[in-house]
Amino acid sequence: MKYLLVQLFGKHQTMSNCWYMIMFALSVYHVSNAGSRLTRRCEASNGRCGKNTHLSCSNMFGPGWTEKGKCCGKRSCCVSCPETVVNFGGSTYKFNCGKFTWERAKAYCESQNGSLTTIETKEENDFLKYVATLIQTTGQAAPDHWWLGLTDIKTEDTFEWISGQPVTYTDWFQGTPRQPDNVNIQGDTFDVDCASLYPSASFQWFDETCTFPDCQAVCEI
């Protein structure tokens, strides 16, 4: 597993400097791997051929493994996407590009001695959105949701951070559909109790079905 570490020093540092440092680190990683573009040779991307054509890469090899082309016999070529690790405001955040339900994401973060992320300020939220955008634009992860540690499982329409921190800041999408609306991306209203950063809304917050299986995890350590 490859790791990226972005160190940000000084509480007075501007967001433009944060952006530059993150872009620099991610672009270094992206350039260093540009020579491994996959055609029909899975080995060129340090990939592993799937065992059959019926299972996903994550089911065969574990969280973080995604498909990148095909091997012989139309089996998936599976590659392990890197986990992006960044520091901000005294916390460490791990962006894992595996596919999780909300409960699985919660369990994964706990296995890393952390929890799904709690966002307390606009500055923290903007920083995490920048990182998610960069991960998406450099092709390190598919443009899916990123689970947050925010849920109204206990009391409908009353969202709480699983860390126990009070909800002092929110960034719910206010376009159409206005969030939270208790409707998932398929138009269903069952179990829509978990919050995520949503790529189609510039990573503002959406509520989603907690059992939706294709979201990624942002862990706060």
# chains A, B, ... in the order shown; residues from 1 in each chain; ligands from 1
call {"tool": "select_by_dssp", "arguments": {"residues": "region 78-152 of chain A", "states": "strand (DSSP E)", "output": "ChimeraX atom specification"}}
result
/A:78-80,83-88,91-100,115-116,146-151
call {"tool": "residues_around", "arguments": {"residues": "His145 (chain A)", "least_positions_apart": "6", "cutoff": "12 Å", "atoms": "only C-alpha atoms", "output": "PyMOL selection string"}}
result
chain A and resi 95-102+105+129+132-133+136+185+194-210+212-218
call {"tool": "select_by_dssp", "arguments": {"residues": "region 38-113 of chain A", "states": "alpha helix (DSSP H)", "output": "list of chain:residue names"}}
result
A:Cys57, A:Ser58, A:Asn59, A:Met60, A:Phe61, A:Trp102, A:Glu103, A:Arg104, A:Ala105, A:Lys106, A:Ala107, A:Tyr108, A:Cys109, A:Glu110, A:Ser111
call {"tool": "write_last_selection", "arguments": {"atoms": "N, CA and C atoms", "output": "PDB file, in the first residue's frame"}}
result
ATOM      1  N   CYS A  57     -13.338  -6.869  -8.094  1.00  0.00           N
ATOM      2  CA  CYS A  57     -11.963  -6.896  -7.599  1.00  0.00           C
ATOM      3  C   CYS A  57     -11.914  -6.816  -6.072  1.00  0.00           C
ATOM      4  N   SER A  58     -12.784  -5.992  -5.478  1.00  0.00           N
ATOM      5  CA  SER A  58     -12.776  -5.866  -4.015  1.00  0.00           C
ATOM      6  C   SER A  58     -13.218  -7.154  -3.350  1.00  0.00           C
ATOM      7  N   ASN A  59     -14.130  -7.893  -3.987  1.00  0.00           N
ATOM      8  CA  ASN A  59     -14.546  -9.177  -3.417  1.00  0.00           C
ATOM      9  C   ASN A  59     -13.439 -10.221  -3.503  1.00  0.00           C
ATOM     10  N   MET A  60     -12.643 -10.151  -4.559  1.00  0.00           N
ATOM     11  CA  MET A  60     -11.582 -11.144  -4.747  1.00  0.00           C
ATOM     12  C   MET A  60     -10.334 -10.834  -3.929  1.00  0.00           C
ATOM     13  N   PHE A  61      -9.962  -9.546  -3.860  1.00  0.00           N
ATOM     14  CA  PHE A  61      -8.672  -9.209  -3.263  1.00  0.00           C
ATOM     15  C   PHE A  61      -8.771  -8.291  -2.046  1.00  0.00           C
ATOM     16  N   TRP A 102     -21.919   2.133   4.754  1.00  0.00           N
ATOM     17  CA  TRP A 102     -21.548   3.033   5.847  1.00  0.00           C
ATOM     18  C   TRP A 102     -21.033   2.256   7.061  1.00  0.00           C
ATOM     19  N   GLU A 103     -21.687   1.158   7.401  1.00  0.00           N
ATOM     20  CA  GLU A 103     -21.247   0.361   8.552  1.00  0.00           C
ATOM     21  C   GLU A 103     -19.875  -0.245   8.318  1.00  0.00           C
ATOM     22  N   ARG A 104     -19.628  -0.721   7.111  1.00  0.00           N
ATOM     23  CA  ARG A 104     -18.308  -1.278   6.804  1.00  0.00           C
ATOM     24  C   ARG A 104     -17.234  -0.190   6.831  1.00  0.00           C
ATOM     25  N   ALA A 105     -17.589   1.004   6.343  1.00  0.00           N
ATOM     26  CA  ALA A 105     -16.642   2.117   6.394  1.00  0.00           C
ATOM     27  C   ALA A 105     -16.329   2.483   7.840  1.00  0.00           C
ATOM     28  N   LYS A 106     -17.351   2.505   8.668  1.00  0.00           N
ATOM     29  CA  LYS A 106     -17.170   2.791  10.094  1.00  0.00           C
ATOM     30  C   LYS A 106     -16.239   1.759  10.728  1.00  0.00           C
ATOM     31  N   ALA A 107     -16.462   0.486  10.415  1.00  0.00           N
ATOM     32  CA  ALA A 107     -15.627  -0.579  10.972  1.00  0.00           C
ATOM     33  C   ALA A 107     -14.198  -0.483  10.455  1.00  0.00           C
ATOM     34  N   TYR A 108     -14.052  -0.135   9.172  1.00  0.00           N
ATOM     35  CA  TYR A 108     -12.701   0.009   8.612  1.00  0.00           C
ATOM     36  C   TYR A 108     -11.935   1.108   9.338  1.00  0.00           C
ATOM     37  N   CYS A 109     -12.565   2.270   9.519  1.00  0.00           N
ATOM     38  CA  CYS A 109     -11.878   3.378  10.189  1.00  0.00           C
ATOM     39  C   CYS A 109     -11.503   3.003  11.622  1.00  0.00           C
ATOM     40  N   GLU A 110     -12.380   2.296  12.301  1.00  0.00           N
ATOM     41  CA  GLU A 110     -12.076   1.852  13.668  1.00  0.00           C
ATOM     42  C   GLU A 110     -10.908   0.876  13.676  1.00  0.00           C
ATOM     43  N   SER A 111     -10.786   0.060  12.622  1.00  0.00           N
ATOM     44  CA  SER A 111      -9.644  -0.868  12.539  1.00  0.00           C
ATOM     45  C   SER A 111      -8.331  -0.123  12.324  1.00  0.00           C
TER      46      SER A 111
END
call {"tool": "closest_residue", "arguments": {"among": "A:Leu128, A:Cys219, A:Cys78, A:Val192", "to": "Leu116 (chain A)", "atoms": "only C-alpha atoms"}}
result
A:Cys219
call {"tool": "closest_residue", "arguments": {"among": "A:Cys49, A:Ile119, A:Cys72, A:Val131", "to": "Thr84 (chain A)", "atoms": "only C-alpha atoms"}}
result
A:Val131
call {"tool": "closest_atom_pairs", "arguments": {"of": "region 30-139 of chain A", "to": "region 152-172 of chain A", "cutoff": "10 Å", "atoms": "only C-alpha atoms", "output": "Markdown table"}}
result
| residue | atom | partner | partner_atom | distance |
| --- | --- | --- | --- | --- |
| A:Lys106 | CA | A:Ile162 | CA | 9.4 |
| A:Gly114 | CA | A:Ser163 | CA | 9.9 |
| A:Ser115 | CA | A:Ser163 | CA | 7.4 |
| A:Leu116 | CA | A:Ile162 | CA | 7.8 |
| A:Thr117 | CA | A:Ser163 | CA | 8.3 |
| A:Thr118 | CA | A:Trp161 | CA | 6.3 |
| A:Ile119 | CA | A:Tyr169 | CA | 7.3 |
| A:Glu120 | CA | A:Tyr169 | CA | 5.6 |
| A:Thr121 | CA | A:Tyr169 | CA | 5.8 |
| A:Lys122 | CA | A:Tyr169 | CA | 7.0 |
| A:Asn125 | CA | A:Asp171 | CA | 8.0 |
| A:Asp126 | CA | A:Asp171 | CA | 9.7 |
